[in-house]
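Visitor: If it helps, the file is called model_13.cif and holds mmCIF, C-alpha atoms:
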```cif
data_target
#
loop_
_atom_site.label_atom_id
_atom_site.label_comp_id
_atom_site.auth_asym_id
_atom_site.auth_seq_id
_atom_site.Cartn_x
_atom_site.Cartn_y
_atom_site.Cartn_z
CA MET C 1 115.73 -33.11 114.88
CA GLU C 2 114.69 -36.27 116.68
CA SER C 3 111.50 -37.96 115.59
CA THR C 4 108.72 -38.76 117.99
CA GLU C 5 109.53 -42.46 117.95
CA THR C 6 113.18 -42.05 118.81
CA SER C 7 112.55 -39.59 121.59
CA VAL C 8 109.87 -41.56 123.44
CA MET C 9 112.22 -43.13 125.94
CA PRO C 10 114.33 -40.02 126.73
CA GLU C 11 111.25 -37.88 127.25
CA ALA C 12 109.51 -40.55 129.34
CA THR C 13 112.60 -41.05 131.48
CA MET C 14 113.07 -37.30 131.97
CA VAL C 15 109.42 -36.73 132.92
CA GLY C 16 109.32 -39.72 135.24
CA THR C 17 112.59 -38.73 136.92
CA SER C 18 111.40 -35.15 137.33
CA LEU C 19 108.07 -36.08 138.86
CA ILE C 20 109.28 -38.69 141.29
CA SER C 21 112.35 -36.70 142.41
CA ARG C 22 110.31 -33.59 143.13
CA ALA C 23 107.54 -35.52 144.88
CA ASP C 24 109.93 -37.61 146.96
CA HIS C 25 112.33 -34.88 148.07
CA ASP C 26 110.78 -31.44 147.81
CA TYR C 27 107.23 -32.20 148.85
CA GLU C 28 108.29 -34.11 151.94
CA LEU C 29 111.33 -32.05 152.93
CA LEU C 30 110.41 -28.48 151.97
CA THR C 31 106.66 -28.43 152.69
CA PRO C 32 107.13 -28.24 156.50
CA ILE C 33 109.38 -25.17 156.14
CA PRO C 34 106.69 -22.46 155.76
CA SER C 35 104.93 -23.26 159.02
CA ARG C 36 108.19 -23.15 161.02
CA VAL C 37 110.23 -20.45 159.29
CA LEU C 38 108.09 -18.25 157.10
CA GLY C 39 105.38 -17.35 159.59
CA HIS C 40 101.96 -16.35 158.29
CA PRO C 41 101.80 -17.44 154.65
CA VAL C 42 99.38 -14.82 153.34
CA VAL C 43 100.14 -11.18 152.66
CA GLY C 44 98.46 -8.65 150.40
CA LYS C 45 95.00 -7.38 149.54
CA ALA C 46 94.29 -9.85 146.77
CA LEU C 47 95.04 -12.88 148.91
CA ALA C 48 93.13 -11.40 151.84
CA THR C 49 89.97 -11.34 149.74
CA CYS C 50 90.14 -15.09 149.11
CA SER C 51 88.47 -17.69 151.23
CA ASN C 52 90.48 -19.11 154.11
CA SER C 53 91.43 -22.36 152.36
CA ASP C 54 92.28 -20.57 149.12
CA ALA C 55 94.44 -18.05 150.96
CA VAL C 56 96.40 -20.76 152.75
CA VAL C 57 97.03 -22.62 149.49
CA LEU C 58 97.80 -19.52 147.44
CA GLY C 59 100.06 -18.08 150.08
CA SER C 60 101.90 -21.33 150.65
CA ILE C 61 105.55 -21.09 149.77
CA LYS C 62 105.51 -24.25 147.69
CA VAL C 63 103.11 -22.74 145.17
CA PHE C 64 105.34 -19.76 144.52
CA ILE C 65 108.42 -21.97 144.32
CA ALA C 66 106.61 -24.02 141.68
CA ILE C 67 105.69 -20.83 139.83
CA ALA C 68 109.31 -19.67 139.94
CA MET C 69 110.48 -22.96 138.44
CA MET C 70 107.84 -22.75 135.71
CA LEU C 71 108.88 -19.20 134.84
CA GLY C 72 112.57 -20.10 134.85
CA ASP C 73 111.97 -23.09 132.61
CA GLY C 74 109.78 -21.04 130.30
CA LEU C 75 112.24 -18.16 130.07
CA PHE C 76 115.09 -20.50 129.18
CA HIS C 77 113.14 -22.20 126.40
CA VAL C 78 111.87 -18.92 124.98
CA VAL C 79 115.43 -17.54 124.75
CA TYR C 80 116.75 -20.88 123.50
CA MET C 81 114.07 -21.07 120.83
CA LEU C 82 114.72 -17.50 119.68
CA ILE C 83 118.45 -18.25 119.37
CA LYS C 84 117.79 -21.49 117.50
CA THR C 85 115.26 -19.79 115.21
CA GLY C 86 117.67 -16.95 114.41
CA THR C 87 120.51 -19.41 113.74
CA SER C 88 118.32 -21.50 111.45
CA LEU C 89 117.17 -18.46 109.49
CA ALA C 90 120.77 -17.27 109.08
CA MET C 91 121.90 -20.70 107.83
CA HIS C 92 118.95 -20.88 105.45
CA LYS C 93 119.81 -17.46 104.03
CA SER C 94 123.44 -18.44 103.63
CA GLU C 95 122.56 -21.70 101.86
CA LYS C 96 120.17 -19.86 99.56
CA LYS C 97 122.90 -17.35 98.66
CA GLU C 98 125.40 -20.12 97.90
CA SER C 99 122.83 -21.92 95.78
CA SER C 100 122.13 -18.76 93.76
CA GLN C 101 125.87 -18.38 93.08
CA GLY C 102 126.09 -21.90 91.70
CA ILE C 103 128.25 -23.30 94.47
CA GLY C 104 125.93 -26.18 95.28
CA GLN C 105 126.31 -29.22 93.01
CA LYS C 106 123.83 -32.03 92.37
CA TYR C 107 124.99 -35.59 92.58
CA SER C 108 123.37 -38.69 91.15
CA ASN C 109 122.86 -40.35 94.52
CA THR C 110 120.62 -37.47 95.62
CA GLU C 111 118.48 -37.20 92.50
CA ILE C 112 115.69 -39.35 93.93
CA VAL C 113 115.61 -37.35 97.14
CA ASN C 114 115.59 -34.10 95.21
CA TYR C 115 112.78 -35.36 92.98
CA ASP C 116 110.64 -36.25 96.01
CA GLU C 117 111.31 -32.88 97.60
CA GLN C 118 110.46 -31.04 94.39
CA ARG C 119 107.23 -32.97 94.03
CA ARG C 120 106.21 -32.25 97.63
CA THR C 121 107.08 -28.58 97.22
CA GLN C 122 105.11 -28.22 93.99
CA SER C 123 102.11 -30.02 95.43
CA PHE C 124 102.22 -27.91 98.59
CA LEU C 125 102.63 -24.53 96.89
CA LYS C 126 100.10 -24.95 94.08
CA ASP C 127 97.17 -24.85 96.52
CA GLN C 128 98.45 -22.32 99.03
CA ILE C 129 96.35 -19.63 100.67
CA PRO C 130 96.91 -16.07 99.32
CA ASN C 131 98.60 -13.66 101.68
CA TRP C 132 95.81 -11.10 101.42
CA VAL C 133 93.30 -13.70 102.64
CA ALA C 134 95.42 -14.42 105.71
CA PHE C 135 95.88 -10.73 106.47
CA LEU C 136 92.20 -9.90 105.97
CA GLY C 137 91.11 -12.86 108.09
CA TYR C 138 93.37 -11.81 110.95
CA VAL C 139 92.05 -8.24 110.85
CA ILE C 140 88.44 -9.47 110.90
CA LEU C 141 89.08 -11.81 113.83
CA ALA C 142 90.90 -9.03 115.69
CA ALA C 143 87.94 -6.69 115.16
CA ILE C 144 85.53 -9.32 116.46
CA SER C 145 87.66 -9.98 119.53
CA ILE C 146 88.11 -6.27 120.26
CA THR C 147 84.32 -5.90 120.21
CA VAL C 148 83.22 -9.08 121.98
CA VAL C 149 85.90 -9.91 124.58
CA PRO C 150 85.39 -6.72 126.68
CA PHE C 151 81.72 -7.65 127.04
CA ILE C 152 82.67 -11.09 128.38
CA PHE C 153 85.53 -9.85 130.59
CA HIS C 154 84.74 -6.26 131.46
CA GLN C 155 88.14 -5.92 133.17
CA LEU C 156 89.74 -5.89 129.71
CA LYS C 157 89.28 -2.83 127.54
CA TRP C 158 89.32 -2.68 123.76
CA TYR C 159 92.86 -1.26 123.66
CA HIS C 160 94.15 -4.19 125.74
CA ILE C 161 92.89 -6.63 123.12
CA LEU C 162 94.28 -4.44 120.34
CA VAL C 163 97.75 -4.49 121.88
CA ALA C 164 97.53 -8.26 122.31
CA TYR C 165 96.66 -8.72 118.63
CA VAL C 166 99.46 -6.38 117.54
CA ILE C 167 102.23 -8.27 119.36
CA ALA C 168 100.72 -11.76 118.89
CA PRO C 169 101.90 -12.28 115.26
CA VAL C 170 105.55 -11.88 116.29
CA LEU C 171 105.18 -14.40 119.11
CA ALA C 172 103.11 -16.70 116.89
CA PHE C 173 105.83 -16.71 114.23
CA CYS C 174 108.53 -17.53 116.78
CA ASN C 175 106.43 -20.30 118.29
CA ALA C 176 105.38 -21.77 114.93
CA TYR C 177 108.90 -21.75 113.53
CA GLY C 178 110.37 -23.14 116.72
CA CYS C 179 107.71 -25.84 116.86
CA GLY C 180 108.53 -26.76 113.28
CA LEU C 181 112.17 -27.24 114.27
CA THR C 182 111.74 -29.02 117.60
CA ASP C 183 108.10 -30.25 117.81
CA TRP C 184 107.82 -28.27 121.05
CA SER C 185 105.19 -25.54 121.46
CA LEU C 186 105.93 -22.77 123.97
CA ALA C 187 102.46 -21.21 123.86
CA SER C 188 102.00 -21.56 127.62
CA ASN C 189 105.21 -19.65 128.27
CA TYR C 190 104.07 -16.75 126.11
CA GLY C 191 100.77 -16.89 127.99
CA LYS C 192 102.58 -16.48 131.32
CA VAL C 193 104.32 -13.39 129.99
CA ALA C 194 100.94 -11.99 128.92
CA ILE C 195 99.56 -12.62 132.41
CA ILE C 196 102.27 -10.56 134.09
CA ILE C 197 102.11 -7.71 131.54
CA PHE C 198 98.33 -7.25 131.41
CA SER C 199 97.61 -7.91 135.09
CA SER C 200 100.14 -5.27 136.13
CA TRP C 201 98.81 -2.92 133.43
CA VAL C 202 95.18 -3.18 134.58
CA GLY C 203 95.96 -3.17 138.31
CA LEU C 204 94.37 -4.85 141.30
CA ASP C 205 91.58 -2.33 141.85
CA ASN C 206 90.40 -2.67 138.23
CA GLY C 207 90.33 -6.47 138.21
CA GLY C 208 93.88 -7.16 137.11
CA VAL C 209 93.76 -10.83 138.14
CA ILE C 210 90.88 -11.63 135.78
CA ALA C 211 92.33 -9.36 133.08
CA GLY C 212 95.67 -11.15 133.21
CA LEU C 213 94.11 -14.61 132.96
CA ALA C 214 91.78 -13.54 130.14
CA SER C 215 94.63 -11.97 128.16
CA CYS C 216 96.59 -15.20 128.67
CA GLY C 217 93.73 -17.09 127.05
CA VAL C 218 93.69 -14.70 124.09
CA MET C 219 97.45 -14.86 123.61
CA MET C 220 97.68 -18.64 123.99
CA SER C 221 94.81 -19.16 121.52
CA ILE C 222 96.65 -17.20 118.84
CA VAL C 223 100.13 -18.57 119.50
CA SER C 224 99.13 -22.21 119.97
CA THR C 225 96.93 -22.18 116.85
CA ALA C 226 99.94 -21.07 114.81
CA SER C 227 102.08 -23.95 116.09
CA ASP C 228 99.26 -26.47 115.64
CA LEU C 229 98.78 -25.35 112.05
CA MET C 230 102.52 -25.63 111.46
CA GLN C 231 102.41 -29.26 112.58
CA ASP C 232 99.45 -29.92 110.28
CA PHE C 233 101.26 -28.32 107.35
CA LYS C 234 104.32 -30.46 108.04
CA THR C 235 102.14 -33.56 107.88
CA GLY C 236 100.42 -32.29 104.74
CA TYR C 237 103.76 -31.57 103.09
CA LEU C 238 105.00 -35.12 103.72
CA THR C 239 101.73 -36.74 102.60
CA LEU C 240 101.10 -34.47 99.57
CA ALA C 241 97.90 -33.15 101.12
CA SER C 242 96.38 -29.81 100.19
CA PRO C 243 97.32 -27.04 102.65
CA ARG C 244 94.08 -25.25 101.88
CA SER C 245 91.96 -28.27 102.81
CA MET C 246 93.98 -28.75 106.01
CA PHE C 247 93.50 -25.10 106.91
CA PHE C 248 89.73 -25.23 106.49
CA SER C 249 89.64 -28.51 108.40
CA GLN C 250 91.32 -26.79 111.34
CA VAL C 251 88.91 -23.85 111.06
CA PHE C 252 85.99 -26.28 111.20
CA GLY C 253 87.54 -28.11 114.16
CA THR C 254 88.16 -24.83 115.99
CA ALA C 255 84.54 -23.79 115.45
CA MET C 256 83.36 -27.12 116.84
CA GLY C 257 85.66 -26.65 119.82
CA CYS C 258 84.07 -23.27 120.59
CA ILE C 259 80.78 -25.13 121.06
CA MET C 260 81.94 -28.39 122.60
CA SER C 261 84.56 -27.11 125.05
CA PRO C 262 82.19 -24.95 127.17
CA LEU C 263 79.66 -27.79 127.26
CA ILE C 264 82.25 -30.34 128.39
CA PHE C 265 83.61 -27.92 130.98
CA TRP C 266 80.13 -27.26 132.33
CA PHE C 267 79.51 -31.02 132.42
CA PHE C 268 82.58 -31.69 134.56
CA TYR C 269 82.13 -28.52 136.63
CA LYS C 270 78.68 -29.68 137.71
CA ALA C 271 79.74 -33.28 138.30
CA TYR C 272 83.03 -32.74 140.13
CA SER C 273 84.62 -30.19 142.41
CA VAL C 274 87.01 -28.81 139.79
CA GLY C 275 89.91 -27.00 141.41
CA ASP C 276 89.68 -28.80 144.74
CA PRO C 277 93.19 -30.04 145.68
CA GLU C 278 91.63 -33.08 147.34
CA GLY C 279 89.18 -33.81 144.51
CA SER C 280 89.38 -35.80 141.29
CA TYR C 281 90.29 -32.75 139.18
CA PRO C 282 92.56 -30.46 141.25
CA ALA C 283 93.53 -28.33 138.19
CA PRO C 284 96.96 -27.34 139.57
CA TYR C 285 97.84 -25.13 136.62
CA GLY C 286 94.77 -22.99 137.30
CA LEU C 287 96.08 -22.28 140.78
CA MET C 288 99.56 -21.51 139.54
CA TYR C 289 98.38 -19.25 136.73
CA ARG C 290 96.27 -17.35 139.24
CA GLY C 291 99.33 -17.02 141.45
CA ILE C 292 101.28 -15.55 138.50
CA SER C 293 98.46 -13.05 137.97
CA LEU C 294 98.58 -12.11 141.67
CA LEU C 295 102.29 -11.46 141.32
CA GLY C 296 101.54 -9.15 138.42
CA VAL C 297 98.98 -7.02 140.28
CA GLU C 298 100.67 -6.84 143.68
CA GLY C 299 104.34 -7.36 142.96
CA ILE C 300 106.86 -9.10 145.21
CA ASP C 301 105.61 -7.23 148.28
CA SER C 302 102.60 -9.56 148.40
CA LEU C 303 104.77 -12.66 148.81
CA PRO C 304 105.34 -14.42 152.13
CA LYS C 305 108.47 -13.92 154.19
CA HIS C 306 111.66 -15.23 152.51
CA CYS C 307 109.58 -16.24 149.50
CA VAL C 308 111.49 -13.97 147.12
CA LYS C 309 114.85 -15.48 148.10
CA LEU C 310 113.60 -19.03 147.71
CA SER C 311 111.84 -18.21 144.45
CA ILE C 312 115.01 -16.66 142.99
CA LEU C 313 116.98 -19.70 144.11
CA PHE C 314 114.66 -22.17 142.40
CA PHE C 315 114.30 -19.86 139.38
CA CYS C 316 118.06 -19.98 138.87
CA ALA C 317 118.11 -23.72 139.57
CA ALA C 318 115.54 -24.27 136.81
CA ILE C 319 117.68 -22.37 134.30
CA ALA C 320 120.81 -24.23 135.43
CA MET C 321 119.15 -27.64 135.00
CA ASN C 322 118.07 -26.74 131.47
CA ILE C 323 121.58 -25.54 130.58
CA ILE C 324 123.12 -28.76 131.93
CA SER C 325 120.57 -30.84 130.04
CA GLU C 326 121.27 -29.10 126.72
CA LEU C 327 125.04 -29.34 127.19
CA LEU C 328 124.81 -33.06 127.90
CA ARG C 329 122.44 -33.53 124.96
CA HIS C 330 124.94 -32.01 122.52
CA TYR C 331 128.31 -33.09 123.92
CA GLU C 332 127.70 -36.36 125.81
CA LYS C 333 126.72 -39.03 123.29
CA ASN C 334 127.79 -42.29 124.93
CA TYR C 335 125.37 -42.80 127.83
CA GLY C 336 122.58 -40.30 127.18
CA LEU C 337 122.83 -38.78 130.64
CA TYR C 338 120.63 -35.84 129.63
CA ARG C 339 117.64 -38.18 129.91
CA PHE C 340 118.04 -38.24 133.68
CA ILE C 341 118.26 -34.49 134.22
CA PRO C 342 114.92 -33.50 135.79
CA SER C 343 112.63 -31.14 133.92
CA PRO C 344 111.77 -28.07 136.06
CA MET C 345 108.31 -27.79 134.49
CA CYS C 346 107.49 -31.37 135.50
CA MET C 347 109.06 -30.95 138.92
CA ALA C 348 106.74 -28.07 139.74
CA ILE C 349 103.55 -30.15 139.46
CA PRO C 350 103.98 -32.86 142.15
CA PHE C 351 105.47 -30.33 144.52
CA TYR C 352 101.94 -28.98 144.87
CA LEU C 353 99.87 -32.11 144.24
CA GLY C 354 101.97 -34.65 146.12
CA ALA C 355 103.37 -38.03 145.20
CA TYR C 356 100.31 -39.82 143.81
CA PHE C 357 100.55 -38.04 140.46
CA ALA C 358 104.27 -38.81 140.17
CA ILE C 359 103.81 -42.51 140.91
CA ASP C 360 101.51 -42.97 137.91
CA MET C 361 103.94 -41.26 135.54
CA CYS C 362 107.00 -43.03 136.94
CA LEU C 363 105.27 -46.42 136.71
CA GLY C 364 104.60 -45.82 133.01
CA SER C 365 108.24 -44.88 132.47
CA LEU C 366 109.34 -48.06 134.25
CA ILE C 367 107.08 -50.23 132.06
CA LEU C 368 108.44 -48.59 128.92
CA PHE C 369 112.02 -49.03 130.17
CA LEU C 370 111.51 -52.77 130.76
CA TRP C 371 109.72 -53.14 127.42
CA ARG C 372 112.64 -51.56 125.60
CA ARG C 373 115.07 -53.84 127.38
CA MET C 374 113.14 -56.88 126.14
CA ASN C 375 112.35 -55.68 122.61
CA LYS C 376 113.52 -52.20 121.69
CA GLN C 377 112.06 -52.14 118.19
CA LYS C 378 108.55 -53.16 119.22
CA ALA C 379 108.62 -50.76 122.14
CA ASP C 380 109.54 -47.87 119.84
CA ASP C 381 106.87 -48.88 117.31
CA PHE C 382 103.95 -49.58 119.64
CA ALA C 383 104.60 -47.40 122.71
CA PRO C 384 102.69 -44.40 121.24
CA ALA C 385 99.73 -46.65 120.42
CA VAL C 386 99.67 -48.16 123.92
CA ALA C 387 99.93 -44.73 125.50
CA SER C 388 97.11 -43.41 123.30
CA GLY C 389 94.90 -46.33 124.30
CA LEU C 390 95.51 -45.75 128.01
CA ILE C 391 94.82 -42.02 127.67
CA CYS C 392 91.63 -42.58 125.65
CA GLY C 393 90.38 -45.26 128.01
CA ASP C 394 90.95 -43.10 131.06
CA SER C 395 89.31 -40.10 129.37
CA LEU C 396 86.28 -42.05 128.16
CA TRP C 397 85.62 -43.34 131.66
CA GLY C 398 85.25 -39.73 132.78
CA VAL C 399 81.95 -39.45 130.86
CA PRO C 400 80.02 -42.31 132.57
CA SER C 401 81.68 -41.37 135.86
CA ALA C 402 80.37 -37.81 135.52
CA ILE C 403 76.90 -39.09 134.63
CA LEU C 404 76.87 -41.27 137.75
CA ALA C 405 78.03 -38.34 139.87
CA LEU C 406 75.31 -36.06 138.46
CA SER C 407 72.75 -38.78 139.13
CA GLY C 408 73.78 -38.94 142.78
CA VAL C 409 74.97 -42.56 142.61
CA LYS C 410 77.32 -43.44 145.46
CA ALA C 411 79.97 -46.15 145.28
CA PRO C 412 79.11 -49.14 147.51
CA ILE C 413 82.75 -49.53 148.57
CA CYS C 414 85.25 -46.83 149.51
CA MET C 415 89.02 -47.40 149.62
CA LYS C 416 91.45 -44.86 151.00
CA PHE C 417 95.12 -45.00 151.91
CA LEU C 418 96.24 -43.13 155.01
CA SER C 419 99.55 -42.45 156.68
CA SER C 420 100.45 -44.54 159.72
CA SER C 421 99.69 -41.69 162.13
CA ASP C 422 96.28 -41.01 160.57
CA ASN C 423 95.54 -44.72 160.51
CA ASP C 424 96.27 -44.94 164.25
CA LYS C 425 93.85 -42.06 164.87
CA VAL C 426 91.14 -43.81 162.85
CA ASP C 427 91.71 -47.08 164.71
CA ALA C 428 91.54 -45.27 168.05
CA PHE C 429 88.31 -43.53 167.00
CA LEU C 430 86.67 -46.77 165.86
CA ALA C 431 87.78 -48.52 169.04
CA GLY C 432 85.81 -45.91 170.99
#
```
Here is a file; write its structure as structure tokens.
Guide:
Amino acid sequence: MESTETSVMPEATMVGTSLISRADHDYELLTPIPSRVLGHPVVGKALATCSNSDAVVLGSIKVFIAIAMMLGDGLFHVVYMLIKTGTSLAMHKSEKKESSQGIGQKYSNTEIVNYDEQRRTQSFLKDQIPNWVAFLGYVILAAISITVVPFIFHQLKWYHILVAYVIAPVLAFCNAYGCGLTDWSLASNYGKVAIIIFSSWVGLDNGGVIAGLASCGVMMSIVSTASDLMQDFKTGYLTLASPRSMFFSQVFGTAMGCIMSPLIFWFFYKAYSVGDPEGSYPAPYGLMYRGISLLGVEGIDSLPKHCVKLSILFFCAAIAMNIISELLRHYEKNYGLYRFIPSPMCMAIPFYLGAYFAIDMCLGSLILFLWRRMNKQKADDFAPAVASGLICGDSLWGVPSAILALSGVKAPICMKFLSSSDNDKVDAFLAG
């Protein structure tokens, strides 16, 4: 398994390539197609109940193409992770059997490594959480959710939450084990599956769109928490930390998040137009997740003309790109060509948002590429720190910016970049 430091450049190159290729080709070449070929972009009762601007965006072919690529990418990684998890478990069982039969031999050059592993294992297991505590805690949390969630989202009934909590442990185990092997959480993919299942189960007339999105939140909370805890336990195992203390630290952090997250969301919701494609926080995944929920309640009949064919095409293309990337990753070792195979999940984002988002990501990849050319070791060592500083700085500016927006303060200078045709229209308007 590659460490975070050694995989910085391949991941950055892949993400940057994906974003800029999708923004440059698909957004400019495929966006004009719906208006000329597909006719009216909105079909179905659910879309008809939206506002005019929402209906145009939701019914646009590019949104459903992006959703198809996200689902194709997610399906591939779910199947790939299940295969890798099963293979790893089989190998572990085989090695354990050979060890019990006395086949494995200890050599002097591995005594130090074995001693360190034994010490970590003893330190990690001596303070573990009893199984009955974990089982009882899960039952209590399930009972609370079954009681409380239907009051918050009346579209969901108690038996919907019960079913979600019954199947969640299996998905949580797969995600936690896979994340331990690859450092990649697939919680969002399991959430998409929950959207389709529960939205179609509840139905459009009973609020299936809201039910699907709410069930996605429940499922993702359970599955992602399992993978996050797995990462914490890995760190605790390597640093000889107590797993019990790490568990209660995450419980405390989760409780704080239940209080802070709604407050922060309300803060930004009041200060900015969250969800506006032209605003500061367009929230593209919210639009796409809602589109997945609409597919669940109305089926393919609600899609625009030719949308199913195009969606299937891009769905298959997403799976094909992932297969090519994995084959190159395992069998082509000389040039690392897998780094330049676009990621379908990343390609889906700028296809809806446009090129501005891709330019930022591609510029960061270019800076990292040049830095590695000049000094590879320093780039590998300090790139995560530089990236963390940029992310924190950009995030912290959001707080004073929101305060200024809530206070009604307007910027004294406005700068906007327009296309040449729009710029000519503005010049003609100003000229009178």
Visitor: Give me the result of the PyMOL selection byres ((chain C and resi 206) around 12) on this file, residue by residue, as a PyMOL selection string.
Guide: chain C and resi 46+153-157+198-205+207-212+297
Visitor: Nearest to C:Ala402 among C:Ala271, C:Ile140, C:Ala283, C:Ile319, with distances taken over only C-alpha atoms: which residue is it?
Guide: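 Of the candidates, the smallest distance to C:Ala402 is held by C:Ala271.
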Visitor: In file coordinates, which residues lie within 10 Å of (105.5, -46.5, 124.0) using only C-alpha atoms, given as a list in words?
Guide: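 Result, sorted by chain then residue number: Glu5, Val8, Met9, Ala12, Gly364, Ser365, Ile367, Leu368, Phe369, Trp371, Arg372, Lys378, Ala379, Asp380, Asp381, Phe382, Ala383, Pro384, Ala385, Val386, Ala387 and Ser388 of chain C.
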Visitor: Name the residues within 7 Å of (115.3, -21.2, 136.9), counting only C-alpha atoms in the file's coordinates, and put them as a ChimeraX atom specification.
Guide: /C:68-69,72-73,314-320
Visitor: Enter the distance from atom CA of C:Asn375 to atom CA of C:Glu326, in Å, rounded to one decimal.
Guide: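 Calculated distance between atom CA of C:Asn375 and atom CA of C:Glu326 is 28.3 Å.
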Visitor: Which residues match the PyMOL selection byres ((chain C and resi 219) around 10) in the file above, as number ranges by chain?
Guide: C: 161, 164-165, 167-169, 171-172, 187-188, 190-195, 213-218, 220-225
Visitor: Enter the distance from atom CA of C:Ser311 to atom CA of C:Ser280, in Å, rounded to one decimal.
Guide: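 Between atom CA of C:Ser311 and atom CA of C:Ser280 the gap is 28.7 Å.
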Visitor: Measuring between only C-alpha atoms, which one of C:Pro342, C:Pro400, C:Gly291, C:Pro150 shows the shortest distance to C:Phe64?
Guide: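 Ranking C:Pro342, C:Pro400, C:Gly291, C:Pro150 by distance to C:Phe64, first place goes to C:Gly291.
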Visitor: Quick one, how far is atom CA of C:Phe252 from atom CA of C:Cys174?
Guide: 24.8 Å
Visitor: Please report as CSV every residue of stretch 202-241 of chain C lying within 12 Å of stretch 127-133 of chain C, along with the nearest atom pair and their distance in Å (one decimal), using all atoms listed in the file.
Guide:
```
residue,atom,partner,partner_atom,distance
C:Phe233,CA,C:Gln128,CA,10.6
C:Gly236,CA,C:Asp127,CA,11.6
C:Tyr237,CA,C:Gln128,CA,11.4
C:Leu240,CA,C:Asp127,CA,10.8
C:Ala241,CA,C:Asp127,CA,9.5
```
Visitor: Got time to write the residues from that selection, C-alpha atoms, as a compact mmCIF listing (two decimals), in the frame of the given file?
Guide:
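Resulting contents of part-v2.txt:
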```txt
# COMPACT_ATOMS: atom_id res chain seq x y z
CA PHE C 233 101.26 -28.32 107.35
CA GLY C 236 100.42 -32.29 104.74
CA TYR C 237 103.76 -31.57 103.09
CA LEU C 240 101.10 -34.47 99.57
CA ALA C 241 97.90 -33.15 101.12
```
Visitor: With all atoms listed in the file as the counted atoms, please give the residues lying no more than 10 Å from C:Ala142, apart from itself and same-chain residues fewer than 2 positions off, as a PyMOL selection string.
Guide: chain C and resi 136-140+144-148+161-162+164-166
Visitor: For each of C:Phe124, C:Glu278, C:Phe268, C:Ser419, take the minimum atom-to-atom distance to C:Thr235, counting only C-alpha atoms, then give the residue where this is smallest.
Guide: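 Residue with the minimum atom-to-atom distance to C:Thr235: C:Phe124.
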Visitor: From the set C:Ile196, C:Ile359, C:Leu186, C:Ile264, which residue has the shortest atom-to-atom contact distance to C:Gly398, counting all atoms listed in the file?
Guide: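 Result for the nearest residue to C:Gly398: C:Ile264.
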Visitor: Which of these residues is nearest to C:Ala226, using all atoms listed in the file: C:Pro282, C:Leu287, C:Val170, C:Gln118?
Guide: C:Val170
Visitor: Evaluating the PyMOL selection byres ((chain C and resi 176) around 8) on the displayed file yields which residues, as a PyMOL selection string?
Guide: chain C and resi 172-175+177-180+185+223+226-228+230
